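Enquirer: Supplied in structure tokens, the structure appears directly below.
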Amino acid sequence: MTTIKPLTAVDQSRLRPGDYLLSLVEAGLACGLIDTGDLSRLQRESLTLLAEQAKRQSQGDSTSLKWERAQHLLASIRYGVGEALKTAETPEAALAQLTGEPLQSLYARGLSLIGRKLLKTQMVHQRLAAELFDTPNSFYQATIRAGIPGFFKLYDPETGAQETHMTADYPVSKPLQGLTGIAFVSAYTEALYYENKLLRCFRPKAVHRLLLGVHPGYEEIPLNLYEPVLAAALGCRLAGRSALGLALEKSTVKALKKMFARLSRAEAHHTLWKAWQALRRELAPLPGLDSYVTDTLPRLAAAVKSGARVFYSPLGPEKAGRDAMAQGEALSDEAFRALVEEVAQCRYLSDQLSLIRQKVHSLDDLEELLLAGCLDWAAMTQVTNSLSAQERALLLSRCLGAEELPGCRDEERQLCQALRRGGAGTGPHLASQ
Amino acid sequence: MDGLCLVGGPERRALVAGEIMESGSRWGLRLTQEEAAALALRHEAVLAQEGRVEFGSSILPMLIEAFGDAPYLEGAEGLGDLMALFYCLKNETEDRLSDQELVDFMGRELAGECRGSLELLRDRALERLKWGGGGKEAVTDDDD
């Protein structure tokens with residue numbers, strides 16, 4: 001688990017991944033591996049490259065460009081050269097390339113690497129989007145479905161290779177400080193890919209309950225989903241049970257906290273690592289995930305030891321079920337017809353509500369029931385008021401379409417009206433009461 | 001390693017002065033070496049003032065070709081003023097016009113309604129750009 005780094009002349013702490021070339025030159029000058037003669041040559045060559053880029057950009061129509069634009073193009077060139085130099089085994093080897101190879105060929109190599117990285121990132125993103133974990137967290141969904149594709153649309157390696165073009169609101173677990181351009185988006189997408197892979201090992205409902213335990217409003221905040229899920233799964237393994245339910249009782253969370261308090265940071269790391277070995281065996285084989293999780297463990301150990309809350313208990317089903325309906329199991333046709341009849345025959349509103357609470361577990365069934373004509377206006381508004389804002393919005397979006405049609409039934413109009421009038425939706429969901 | 005500081009300097013000025021002399025003799029604008037050197041120096045200053053960087057050949061040969069024999073051009077100083085206006089308009093149009101399009105516009109206006117007056121050309125061009133949103137059509141459309 002301990003990596004041995006070779007001793008180098010270049011002070012690696014001075015290297016900045018976002019502006020690798022410039023920081024490498026500064027570090028090289030500081031340790032005497034390049035001199036002012038090299039620097040002059042690099043400056044001349046970068047200007048020649050800049051002139052070529054400027055000419056290409058204006059298609060030969062303009063002999064001059066704004067200073068800011070020139071700076072931007074120059075930064076793009078530096079980024080391209082930096083990407084080529086990053087492939088060198090050591091900073092010293094990178095400096096040797098920089099002094100021994102024309103800047104133009106390094107830049108061409110960098111552009112080609114960027115092109116390949118871009119293509120690979122697009123492929124990883126495609127796979128990620130196709131296997132996206134089912135979560136109501138809006139940041140997770142929006143970043144993967146819109147943020148990353150937005151980057152692909154705008155990114156131009158020749159004129160703005162250093163541009164990131166996305167805000168990356170969803171925080172991944174892996175630290176990506178200092179990265180920009182395709183280097184950032186590539187690492188970010190890859191991190192999301194592995195985090196999504198781990199999330200997919202668990203049922204969305206189990207993850208949902210756990211995350212509600214982390215933060216009741218997690219759906220609308222930029223919360224990393226992977227870390228609490230991994231921690232809960234590891235906690236389950238440490239408690240000697242299956243991780244699939246992500247079900248850590250409060251007493252187990254307390255016991256884990258006590259146990260880790262007694263361990264040193266290295267011991268905490270080792271304990272988590274052993275738990276991960278057990279978890280790996282329980283989960284289906286997941287190529288690539290092992291190294292991603294292994295990289296997470298030291299950070300998790302550090303967090304445990306710093307006293308930060310790492311292990312969470314899921315929220316009980318009675319509270320977590322607010323949105324369970326969207327994912328619940330639908331009734332068979334026969335059972336549904338029987339339920340409609342039963343609800344229609346109920347004498348009291350409370351009996352109707354109680355029946356619905358007991359038997360309806362899917363939003364489709366609920367919608368059909370509300371439209372089946374077995375509920376009066378008071379019952380219908382009671383039911384819709386008890387839905388979560390998300391469920392109400394989902395049902396309303398379906399109704400709105402139907403309302404526009406000429407043959408729209410009275411029940412559909414009524415339901416639309418009831419949903420529009422709906423309360424705050426903070427009460428627990430029908431199906432889970 | 002910014003490098004942009006190397007865009008100007010004595011080498012570049014000598015190159016620009018050489019271009020001025022060569023184009024001047026070809027297009028009927030007689031200038032002395034001193035005038036060409038002074039113009040090259042002004043060229044560098046105008047670029048810095050307008051916040052622009054120039055690569056390869058300067059704009060001066062194109063301006064000399066277009067206006068060298070114009071009756072309203074008053075020697076090196078007039079050419080310098082024309083050059084300053086060119087870069088100013090280049091910025092105002094946010095580079096949406098090519099060098100040639102801008103020079104053509106300036107030529108048309110000076111030969112027409114501006115009657116050789118750079119002040120008038122500047123005012124008219126800025127007015128048109130103001131109402132035309134700085135777009136190409138604002139200065140390439142003849143019907144204003």
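To be explicit about the labels: the chains of the structure tokens are called A, B, and onward in the order shown, and within each one the residues are counted from 1, while ligands get numbers from 1 in the order they are shown.
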Chain A near chain B within 6 Å: what's each residue's closest atom pair and its distance in Å to one decimal, counting only C-alpha atoms, ordered by chain then ascending residue number, as a tab-separated table?

Expert:
```
residue	atom	partner	partner_atom	distance
A:Gln43	CA	B:Gly3	CA	4.9
A:Ala51	CA	B:Phe55	CA	5.6
A:Asp61	CA	B:Ser98	CA	5.0
A:Ser62	CA	B:Asp99	CA	5.3
A:Thr63	CA	B:Glu54	CA	5.8
A:Ser64	CA	B:Glu54	CA	4.1
A:Leu65	CA	B:Arg52	CA	5.4
A:Lys66	CA	B:Arg52	CA	4.2
A:Trp67	CA	B:Arg52	CA	4.8
```

Enquirer: Grab the CA of Lys257 (chain A) to CA of Arg241 (chain A) distance for me, in Å with one decimal place.

Expert: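 CA of Arg241 (chain A) lies 17.2 Å from CA of Lys257 (chain A).
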
Enquirer: Which of these residues is nearest to Thr36 (chain A), using only C-alpha atoms: A:Leu244, A:Tyr193, A:Ala284, A:Thr99?

Expert: A:Thr99

Enquirer: In Å, rounded to a single decimal, give me how far CA of Leu395 (chain A) is from CA of Arg145 (chain A).

Expert: 22.4 Å

Enquirer: Please compute the CA of Pro222 (chain A)-CA of Phe139 (chain A) distance, one decimal, in Å.

Expert: 5.8 Å

Enquirer: For region 8-18 of chain B, work out the shell of residues within 6 Å, counting only C-alpha atoms and skipping chain neighbours fewer than 2 positions away, then give it as a list in words.

Expert: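 Contacts, with the query itself left out: Leu6, Ile20, Met21, Ala36, Ala37 and Ala40 of chain B.
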
Enquirer: What residues in region 29-121 of chain A get the DSSP label helix (DSSP H, G or I)? Please answer as a PyMOL selection string.

Expert: chain A and resi 29-30+36-57+67-86+91-100+103-121

Enquirer: Measuring atom to atom with only C-alpha atoms, identify which of A:Cys374, A:Val207, A:Val310, A:Ser386 is nearest to Ala338 (chain A).

Expert: A:Cys374

Enquirer: Can you tell me, as a PyMOL selection string, what residues are no more than 9 Å from Ala70 (chain B) when counting only C-alpha atoms, ignoring any on the same chain fewer than 4 positions away?

Expert: chain B and resi 66+74+111+116

Enquirer: Next, dump the selected residues to file, keeping only all heavy atoms, as a short mmCIF file (atom, residue, chain, number, x, y, z; two decimals), in the first residue's frame.

Expert:
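Okay, this is what ended up in out31.cif:
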```
data_model
loop_
_atom_site.label_atom_id
_atom_site.label_comp_id
_atom_site.auth_asym_id
_atom_site.auth_seq_id
_atom_site.Cartn_x
_atom_site.Cartn_y
_atom_site.Cartn_z
N ALA B 66 -3.74 50.40 -50.63
CA ALA B 66 -5.09 50.94 -50.80
C ALA B 66 -5.12 52.47 -50.85
O ALA B 66 -5.93 53.05 -51.57
CB ALA B 66 -5.99 50.44 -49.67
N GLU B 74 -1.86 62.46 -46.33
CA GLU B 74 -0.76 63.41 -46.17
C GLU B 74 0.47 62.72 -45.58
O GLU B 74 0.68 62.72 -44.37
CB GLU B 74 -1.21 64.57 -45.29
CG GLU B 74 -2.22 65.45 -45.98
CD GLU B 74 -2.93 66.38 -45.01
OE1 GLU B 74 -2.54 66.45 -43.82
OE2 GLU B 74 -3.90 67.01 -45.46
N ALA B 111 -13.37 58.02 -49.93
CA ALA B 111 -13.54 58.51 -51.30
C ALA B 111 -14.93 59.11 -51.49
O ALA B 111 -15.15 59.92 -52.39
CB ALA B 111 -13.32 57.37 -52.29
N GLY B 116 -12.22 62.32 -47.65
CA GLY B 116 -10.84 62.27 -47.19
C GLY B 116 -10.62 62.61 -45.73
O GLY B 116 -9.49 62.61 -45.25
#
```

Enquirer: Find the residue from A:Leu363, A:Leu225, A:Cys31, A:Leu331 that sits nearest to Pro171 (chain A); use only C-alpha atoms when measuring.

Expert: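 Looking at the shortest contact to Pro171 (chain A), the residue is A:Leu225.
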